[in-house]
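Okay, structure first, notes after.
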Amino acid sequence: SLIFLGIGLFTYAMRTPQKRIVSLLLGAFIVYCIRPHMFLFLGVGAVLGFFTGQERVPLYQKLFVYIAFAGSLALMYDQILAVANIDAENPFESFDEFAETRAGNLAKAGSGVDMNSYSLPVKLFTFWFRPLFFDASGALALYISIENLLYLLLTWKLFDKDFIGFFKNSSSMVKMSSVIFISSSIALSFVMANLGIVIRQKSQVMYFLFFVIIAFMEYKQRKKLNIAEEGNIVTEAPRKRLRVV
């Protein structure tokens with residue numbers, strides 16, 4: 001609940017960071033104290049999303065966000081890596097060793113899965129949508145399978161021909177959420193090999209997927225309304241001309 005509070009404050013503040021500086025700092029501080037690696041994902045996502053969004057953001061606001069998060073990540077880089085015992089001088093090799101060891105330990109539990117042998121797409125699917133019904137070993141797992149089925153059905157809405165156009169012209173919040181969701185999912189899927197841990201860890205990132213889905217559904221609804229309004233104008237115009245005649 002605390003990590004969700006921090007993420008919520010952070011995301012709320014990113015809508016207008018210059019006006020919500022207290023929420024931004026408090027949310028970032030809570031996330032950093034509880035999950036330093038999530039703070040890293042939030043910072044990267046915020047910078048990329050803020051710079052690539054379609055809003056006309058003043059240069060001073062972009063510089064503020066960039067300097068704030070770049071400075072924070074630079075100062076806390078060693079502490080963030082130290083949480084996972086990752087060598088700052090050789091982070092990629094250290095992460096591979098950490099991921100292999102961590103996944104091997106977690107796989108020994110009752111709900112362990114052999115994610116080390118999975119391809120990246122299968123790892124991500126497992127992280128996002130399992131356990132499903134074929135994994136259910138009890139009432140709790142069955143309940144979670146229903147929840148994951150709902151996640152899967154919602155995600156399916158993104159497989160739409162309009163999604164690419166929507167994302168290309170989307171806001172900084174949508175792009176920030178996408179970067180955070182994808183980057184954190186890839187990193188966490190490499191160290192997770194126990195469905196019980198997966199259930200807890202993915203709750204930190206699914207929030208950002210829901211934000212993208214809801215924004216896309218709103219985009220589709222607005223598009224339908226615009227088409228309907230244009231159709232009404234076209235059909236009503238000839239009627240008015242007939243009355244004049």
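Just remember, in the structure tokens the first chain shown is A, the second B, etc., residues are 1-based per chain, and ligands are 1-based in the order shown.
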Can you pull out the residues contacting Leu140 of chain A? Cut-off 12 Å, using only C-alpha atoms, and skip same-chain residues under 6 positions away; I want them as a PDB file with N, CA, C and O atoms, in the first residue's frame.
ATOM      1  N   PRO A 131      -0.367 -16.427 -12.342  1.00  0.00           N
ATOM      2  CA  PRO A 131      -0.966 -17.723 -12.682  1.00  0.00           C
ATOM      3  C   PRO A 131      -2.321 -17.598 -13.377  1.00  0.00           C
ATOM      4  O   PRO A 131      -3.122 -16.747 -13.018  1.00  0.00           O
ATOM      5  N   LEU A 132      -2.529 -18.468 -14.360  1.00  0.00           N
ATOM      6  CA  LEU A 132      -3.834 -18.644 -14.975  1.00  0.00           C
ATOM      7  C   LEU A 132      -4.436 -19.954 -14.473  1.00  0.00           C
ATOM      8  O   LEU A 132      -3.862 -20.614 -13.617  1.00  0.00           O
ATOM      9  N   PHE A 133      -5.542 -20.321 -15.021  1.00  0.00           N
ATOM     10  CA  PHE A 133      -6.292 -21.454 -14.464  1.00  0.00           C
ATOM     11  C   PHE A 133      -5.499 -22.758 -14.486  1.00  0.00           C
ATOM     12  O   PHE A 133      -5.647 -23.587 -13.586  1.00  0.00           O
ATOM     13  N   ILE A 146      -8.614 -15.491 -12.186  1.00  0.00           N
ATOM     14  CA  ILE A 146      -9.712 -14.674 -12.712  1.00  0.00           C
ATOM     15  C   ILE A 146      -9.245 -13.229 -12.893  1.00  0.00           C
ATOM     16  O   ILE A 146      -9.530 -12.574 -13.903  1.00  0.00           O
ATOM     17  N   GLU A 147      -8.493 -12.726 -11.922  1.00  0.00           N
ATOM     18  CA  GLU A 147      -7.942 -11.374 -12.017  1.00  0.00           C
ATOM     19  C   GLU A 147      -6.999 -11.249 -13.213  1.00  0.00           C
ATOM     20  O   GLU A 147      -7.061 -10.274 -13.972  1.00  0.00           O
ATOM     21  N   GLY A 196       4.179 -16.559  -6.627  1.00  0.00           N
ATOM     22  CA  GLY A 196       3.753 -15.813  -5.445  1.00  0.00           C
ATOM     23  C   GLY A 196       4.426 -14.452  -5.376  1.00  0.00           C
ATOM     24  O   GLY A 196       3.793 -13.436  -5.079  1.00  0.00           O
ATOM     25  N   ILE A 199       3.079 -12.057  -8.201  1.00  0.00           N
ATOM     26  CA  ILE A 199       1.796 -11.420  -7.888  1.00  0.00           C
ATOM     27  C   ILE A 199       2.014 -10.112  -7.146  1.00  0.00           C
ATOM     28  O   ILE A 199       1.372  -9.091  -7.428  1.00  0.00           O
TER      29      ILE A 199
END
Exercise. Hey, which of A:Leu25, A:Phe190, A:Leu40, A:Phe64 ends up closest to Ser117 of chain A? Count only C-alpha atoms.
Worked result: A:Phe190
Problem set entry | Among listed residues A:Phe181, A:Gly43, A:Leu195, A:Arg20, nearest Asp135 of chain A (using only C-alpha atoms) | A:Leu195
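Atom CA of Ala70 of chain A is positioned 24.4 Å from atom CA of Leu209 of chain A.
Pairwise distance (atom CA of Ser185 of chain A, atom CA of Val22 of chain A) equals 27.9 Å.
The residue set within 9 Å of segment 119-128 of chain A, counting only C-alpha atoms and dropping same-chain residues fewer than 6 places from it, reads Asn148, Tyr151, Leu152, Ser185, Ile186, Leu188, Ser189, Phe190, Met192, Leu195, Val198, Ile199, Gln201, Lys202 and Met206 of chain A.
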The selected residues should be written to file as a compact mmCIF listing (two decimals), in the first residue's frame (atoms: N, CA, C and O atoms).
# COMPACT_ATOMS: atom_id res chain seq x y z
N ASN A 148 -6.13 -12.24 -13.40
CA ASN A 148 -5.18 -12.20 -14.51
C ASN A 148 -5.89 -12.32 -15.86
O ASN A 148 -5.43 -11.75 -16.86
N TYR A 151 -6.90 -8.93 -16.68
CA TYR A 151 -5.74 -8.20 -17.20
C TYR A 151 -5.53 -8.52 -18.68
O TYR A 151 -5.26 -7.63 -19.50
N LEU A 152 -5.63 -9.80 -19.00
CA LEU A 152 -5.39 -10.25 -20.37
C LEU A 152 -6.44 -9.68 -21.33
O LEU A 152 -6.10 -9.22 -22.44
N SER A 185 8.98 -4.13 -16.26
CA SER A 185 8.53 -5.51 -16.50
C SER A 185 9.68 -6.37 -17.00
O SER A 185 9.84 -7.52 -16.57
N ILE A 186 10.48 -5.83 -17.92
CA ILE A 186 11.61 -6.60 -18.44
C ILE A 186 12.62 -6.91 -17.33
O ILE A 186 13.06 -8.05 -17.17
N LEU A 188 12.18 -6.95 -14.00
CA LEU A 188 11.64 -7.83 -12.95
C LEU A 188 11.41 -9.24 -13.45
O LEU A 188 11.53 -10.20 -12.69
N SER A 189 11.07 -9.39 -14.72
CA SER A 189 10.79 -10.74 -15.24
C SER A 189 12.06 -11.60 -15.26
O SER A 189 11.97 -12.83 -15.26
N PHE A 190 13.23 -10.97 -15.26
CA PHE A 190 14.48 -11.73 -15.27
C PHE A 190 14.84 -12.27 -13.89
O PHE A 190 15.65 -13.19 -13.78
N MET A 192 12.35 -12.91 -11.42
CA MET A 192 11.21 -13.57 -10.81
C MET A 192 11.12 -15.01 -11.31
O MET A 192 11.20 -15.26 -12.51
N LEU A 195 5.64 -17.60 -8.71
CA LEU A 195 4.40 -16.90 -9.03
C LEU A 195 3.86 -16.12 -7.83
O LEU A 195 3.18 -15.11 -8.00
N VAL A 198 5.75 -12.93 -8.01
CA VAL A 198 5.29 -12.22 -9.20
C VAL A 198 4.01 -11.44 -8.91
O VAL A 198 3.85 -10.28 -9.32
N ILE A 199 3.08 -12.06 -8.20
CA ILE A 199 1.80 -11.42 -7.89
C ILE A 199 2.01 -10.11 -7.15
O ILE A 199 1.37 -9.09 -7.43
N GLN A 201 4.98 -8.31 -6.98
CA GLN A 201 5.84 -7.37 -7.68
C GLN A 201 5.13 -6.68 -8.84
O GLN A 201 5.34 -5.49 -9.09
N LYS A 202 4.30 -7.41 -9.55
CA LYS A 202 3.68 -6.80 -10.74
C LYS A 202 2.61 -5.78 -10.37
O LYS A 202 2.25 -4.96 -11.21
N MET A 206 1.48 -2.76 -13.03
CA MET A 206 0.25 -2.91 -13.82
C MET A 206 -0.55 -1.62 -13.84
O MET A 206 -1.31 -1.35 -14.78
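Atom CA of Leu42 of chain A is found 8.2 Å from atom CA of Met176 of chain A.
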For this session: Show which residues sit within 10 Å of Gln204 of chain A, as a ChimeraX atom specification. Count only C-alpha atoms, and ignore same-chain residues fewer than 5 positions away.
Result: /A:1,3-4,7,35,38,181,184-185,199
